[in-house]
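First up is the structure itself, then whatever we jot down about it.
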Amino acid sequence: MMNQNQRISDPKDVELEATIHRAIRHMGVGIHVTVRGGHVSLSGLVEDFSTKRDIASVVRSVSGSREVTNALRIAPVND
């Protein structure tokens, strides 16, 4: 018996998530991608605004990606 927090993942979402991970792997580490019904949520830290924008752009271009929530944050600069 499954509890409310356990979900059966849609194979299309699992495949889309894997495709997105491959597409952005060279753009940063520690980026969390969640896909549900083609809606992609991005979270984690990136170096700068242009990287944040570029990652979202790449994700939007991946076939099957219907909507992107870009919650990536810019890492603080250490002086």
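Chain labels A, B, ... are given in the sequence in which chains occur in the structure tokens; within each chain residues are numbered consecutively from 1, and ligands are likewise numbered from 1 in the order shown.
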Fill in: Surrounding residues of His26 (chain A) excluding itself and chain neighbours under 4 positions, 12 Å, only C-alpha atoms, as a list in words
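Selected residues are Ile20, His21, Arg22, Gly30, Ile31, Thr51, Asp54, Ile55 and Val58 of chain A.
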Please return, as a PDB file with N, CA and C atoms, in the first residue's frame, all residues of chain A that DSSP assigns to helix (DSSP H, G or I) on the basis of the backbone.
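Written file, result_33.pdb:
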ATOM      1  N   PRO A  11       6.427   7.327 -17.147  1.00  0.00           N
ATOM      2  CA  PRO A  11       7.657   7.039 -17.906  1.00  0.00           C
ATOM      3  C   PRO A  11       8.084   8.189 -18.817  1.00  0.00           C
ATOM      4  N   LYS A  12       7.134   8.945 -19.363  1.00  0.00           N
ATOM      5  CA  LYS A  12       7.483  10.085 -20.212  1.00  0.00           C
ATOM      6  C   LYS A  12       8.198  11.149 -19.407  1.00  0.00           C
ATOM      7  N   ASP A  13       7.744  11.380 -18.164  1.00  0.00           N
ATOM      8  CA  ASP A  13       8.400  12.364 -17.308  1.00  0.00           C
ATOM      9  C   ASP A  13       9.804  11.911 -16.914  1.00  0.00           C
ATOM     10  N   VAL A  14       9.949  10.629 -16.635  1.00  0.00           N
ATOM     11  CA  VAL A  14      11.265  10.078 -16.276  1.00  0.00           C
ATOM     12  C   VAL A  14      12.230  10.243 -17.447  1.00  0.00           C
ATOM     13  N   GLU A  15      11.757   9.938 -18.651  1.00  0.00           N
ATOM     14  CA  GLU A  15      12.595  10.074 -19.851  1.00  0.00           C
ATOM     15  C   GLU A  15      12.946  11.537 -20.108  1.00  0.00           C
ATOM     16  N   LEU A  16      11.975  12.430 -19.953  1.00  0.00           N
ATOM     17  CA  LEU A  16      12.218  13.859 -20.158  1.00  0.00           C
ATOM     18  C   LEU A  16      13.234  14.376 -19.152  1.00  0.00           C
ATOM     19  N   GLU A  17      13.101  13.966 -17.905  1.00  0.00           N
ATOM     20  CA  GLU A  17      14.050  14.400 -16.872  1.00  0.00           C
ATOM     21  C   GLU A  17      15.468  13.953 -17.217  1.00  0.00           C
ATOM     22  N   ALA A  18      15.628  12.715 -17.663  1.00  0.00           N
ATOM     23  CA  ALA A  18      16.947  12.203 -18.041  1.00  0.00           C
ATOM     24  C   ALA A  18      17.508  12.975 -19.233  1.00  0.00           C
ATOM     25  N   THR A  19      16.662  13.287 -20.204  1.00  0.00           N
ATOM     26  CA  THR A  19      17.097  14.050 -21.379  1.00  0.00           C
ATOM     27  C   THR A  19      17.562  15.441 -20.969  1.00  0.00           C
ATOM     28  N   ILE A  20      16.827  16.071 -20.075  1.00  0.00           N
ATOM     29  CA  ILE A  20      17.197  17.409 -19.601  1.00  0.00           C
ATOM     30  C   ILE A  20      18.520  17.354 -18.847  1.00  0.00           C
ATOM     31  N   HIS A  21      18.691  16.371 -17.985  1.00  0.00           N
ATOM     32  CA  HIS A  21      19.959  16.238 -17.255  1.00  0.00           C
ATOM     33  C   HIS A  21      21.131  16.129 -18.227  1.00  0.00           C
ATOM     34  N   ARG A  22      20.965  15.337 -19.280  1.00  0.00           N
ATOM     35  CA  ARG A  22      22.041  15.199 -20.275  1.00  0.00           C
ATOM     36  C   ARG A  22      22.289  16.527 -20.991  1.00  0.00           C
ATOM     37  N   ALA A  23      21.228  17.260 -21.278  1.00  0.00           N
ATOM     38  CA  ALA A  23      21.354  18.513 -22.033  1.00  0.00           C
ATOM     39  C   ALA A  23      22.047  19.612 -21.232  1.00  0.00           C
ATOM     40  N   ILE A  24      21.916  19.592 -19.911  1.00  0.00           N
ATOM     41  CA  ILE A  24      22.476  20.692 -19.106  1.00  0.00           C
ATOM     42  C   ILE A  24      23.660  20.269 -18.246  1.00  0.00           C
ATOM     43  N   ARG A  25      24.100  19.033 -18.350  1.00  0.00           N
ATOM     44  CA  ARG A  25      25.149  18.535 -17.450  1.00  0.00           C
ATOM     45  C   ARG A  25      26.435  19.357 -17.525  1.00  0.00           C
ATOM     46  N   HIS A  26      26.738  19.927 -18.674  1.00  0.00           N
ATOM     47  CA  HIS A  26      27.960  20.719 -18.826  1.00  0.00           C
ATOM     48  C   HIS A  26      27.779  22.161 -18.328  1.00  0.00           C
ATOM     49  N   MET A  27      26.562  22.524 -17.926  1.00  0.00           N
ATOM     50  CA  MET A  27      26.267  23.912 -17.558  1.00  0.00           C
ATOM     51  C   MET A  27      26.365  24.170 -16.056  1.00  0.00           C
ATOM     52  N   PHE A  49      23.590  35.117 -13.661  1.00  0.00           N
ATOM     53  CA  PHE A  49      22.281  35.230 -14.294  1.00  0.00           C
ATOM     54  C   PHE A  49      22.271  34.637 -15.693  1.00  0.00           C
ATOM     55  N   SER A  50      23.344  34.833 -16.444  1.00  0.00           N
ATOM     56  CA  SER A  50      23.350  34.309 -17.812  1.00  0.00           C
ATOM     57  C   SER A  50      23.285  32.785 -17.822  1.00  0.00           C
ATOM     58  N   THR A  51      23.923  32.125 -16.863  1.00  0.00           N
ATOM     59  CA  THR A  51      23.837  30.673 -16.764  1.00  0.00           C
ATOM     60  C   THR A  51      22.415  30.252 -16.418  1.00  0.00           C
ATOM     61  N   LYS A  52      21.796  30.962 -15.495  1.00  0.00           N
ATOM     62  CA  LYS A  52      20.400  30.688 -15.130  1.00  0.00           C
ATOM     63  C   LYS A  52      19.500  30.796 -16.356  1.00  0.00           C
ATOM     64  N   ARG A  53      19.665  31.858 -17.104  1.00  0.00           N
ATOM     65  CA  ARG A  53      18.859  32.089 -18.313  1.00  0.00           C
ATOM     66  C   ARG A  53      19.140  31.025 -19.369  1.00  0.00           C
ATOM     67  N   ASP A  54      20.412  30.701 -19.572  1.00  0.00           N
ATOM     68  CA  ASP A  54      20.796  29.728 -20.596  1.00  0.00           C
ATOM     69  C   ASP A  54      20.260  28.330 -20.284  1.00  0.00           C
ATOM     70  N   ILE A  55      20.320  27.939 -19.024  1.00  0.00           N
ATOM     71  CA  ILE A  55      19.803  26.625 -18.635  1.00  0.00           C
ATOM     72  C   ILE A  55      18.311  26.556 -18.919  1.00  0.00           C
ATOM     73  N   ALA A  56      17.564  27.576 -18.529  1.00  0.00           N
ATOM     74  CA  ALA A  56      16.120  27.587 -18.782  1.00  0.00           C
ATOM     75  C   ALA A  56      15.832  27.534 -20.278  1.00  0.00           C
ATOM     76  N   SER A  57      16.623  28.220 -21.066  1.00  0.00           N
ATOM     77  CA  SER A  57      16.439  28.219 -22.513  1.00  0.00           C
ATOM     78  C   SER A  57      16.651  26.826 -23.101  1.00  0.00           C
ATOM     79  N   VAL A  58      17.698  26.156 -22.655  1.00  0.00           N
ATOM     80  CA  VAL A  58      17.974  24.799 -23.130  1.00  0.00           C
ATOM     81  C   VAL A  58      16.826  23.870 -22.738  1.00  0.00           C
ATOM     82  N   VAL A  59      16.368  23.978 -21.504  1.00  0.00           N
ATOM     83  CA  VAL A  59      15.283  23.114 -21.022  1.00  0.00           C
ATOM     84  C   VAL A  59      14.014  23.351 -21.825  1.00  0.00           C
ATOM     85  N   ARG A  60      13.708  24.602 -22.121  1.00  0.00           N
ATOM     86  CA  ARG A  60      12.513  24.904 -22.919  1.00  0.00           C
ATOM     87  C   ARG A  60      12.597  24.295 -24.320  1.00  0.00           C
ATOM     88  N   SER A  61      13.811  24.142 -24.845  1.00  0.00           N
ATOM     89  CA  SER A  61      13.976  23.621 -26.197  1.00  0.00           C
ATOM     90  C   SER A  61      13.900  22.098 -26.274  1.00  0.00           C
TER      91      SER A  61
END
Can you pull out every residue within 8 Å of Ala71 (chain A), counting only C-alpha atoms, but drop anything in the same chain fewer than 4 positions away, and send it as a PDB file with N, CA and C atoms, in the first residue's frame?
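Output saved as selection-v5.pdb:
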ATOM      1  N   SER A  41      10.553  21.772 -13.306  1.00  0.00           N
ATOM      2  CA  SER A  41      10.968  22.695 -12.255  1.00  0.00           C
ATOM      3  C   SER A  41      12.470  22.568 -12.065  1.00  0.00           C
ATOM      4  N   LEU A  42      13.135  23.711 -12.066  1.00  0.00           N
ATOM      5  CA  LEU A  42      14.584  23.771 -11.880  1.00  0.00           C
ATOM      6  C   LEU A  42      14.889  24.433 -10.546  1.00  0.00           C
ATOM      7  N   SER A  43      15.814  23.865  -9.794  1.00  0.00           N
ATOM      8  CA  SER A  43      16.255  24.491  -8.556  1.00  0.00           C
ATOM      9  C   SER A  43      17.739  24.201  -8.369  1.00  0.00           C
ATOM     10  N   GLY A  44      18.357  24.967  -7.480  1.00  0.00           N
ATOM     11  CA  GLY A  44      19.773  24.820  -7.209  1.00  0.00           C
ATOM     12  C   GLY A  44      20.486  26.147  -7.396  1.00  0.00           C
TER      13      GLY A  44
END
Discussion item. For the strand (DSSP E or B) assignment from backbone DSSP, which residues of chain A qualify? Please present them as a ChimeraX atom specification.
Written reply: /A:32-36,39-46,67-74
Worksheet entry | Nearest candidate to Gly64 (chain A) (options A:Gly38, A:Asp10, A:Val33, A:Val77; using only C-alpha atoms) |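 Smallest separation from Gly64 (chain A) among the options: A:Gly38.
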Fill in: Val46 (chain A) environment, 8 Å, only C-alpha atoms, sequence neighbours closer than 6 positions dropped, as a PyMOL selection string
chain A and resi 28+31+52+72-75
Would you save the residues from that selection as a short mmCIF file (atom, residue, chain, number, x, y, z; two decimals), in the first residue's frame, using C-alpha atoms?
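The resulting file, selection.cif, is shown below:
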data_model
loop_
_atom_site.label_atom_id
_atom_site.label_comp_id
_atom_site.auth_asym_id
_atom_site.auth_seq_id
_atom_site.Cartn_x
_atom_site.Cartn_y
_atom_site.Cartn_z
CA GLY A 28 26.63 23.32 -13.83
CA ILE A 31 20.98 21.54 -10.49
CA LYS A 52 20.40 30.69 -15.13
CA LEU A 72 17.58 28.54 -9.91
CA ARG A 73 19.39 30.91 -7.58
CA ILE A 74 22.60 32.78 -8.16
CA ALA A 75 25.36 31.75 -5.77
#
Item to complete: In Å, rounded to a single decimal, give me how far CA of Glu47 (chain A) is from CA of Pro76 (chain A).
Response: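 Pair CA of Pro76 (chain A) / CA of Glu47 (chain A) returns 8.2 Å.
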Got a sec: who's within 7 Å of His39 (chain A), counting only C-alpha atoms, leaving out chain neighbours fewer than 4 positions off, as an mmCIF file with C-alpha atoms, in the first residue's frame?
data_model
loop_
_atom_site.group_PDB
_atom_site.id
_atom_site.type_symbol
_atom_site.label_atom_id
_atom_site.label_comp_id
_atom_site.auth_asym_id
_atom_site.auth_seq_id
_atom_site.Cartn_x
_atom_site.Cartn_y
_atom_site.Cartn_z
ATOM 1 C CA VAL A 35 9.266 16.819 -14.152
ATOM 2 C CA SER A 65 9.010 20.248 -22.052
ATOM 3 C CA ARG A 66 5.709 22.114 -21.793
ATOM 4 C CA GLU A 67 6.411 24.671 -19.091
ATOM 5 C CA VAL A 68 9.509 25.611 -17.090
#
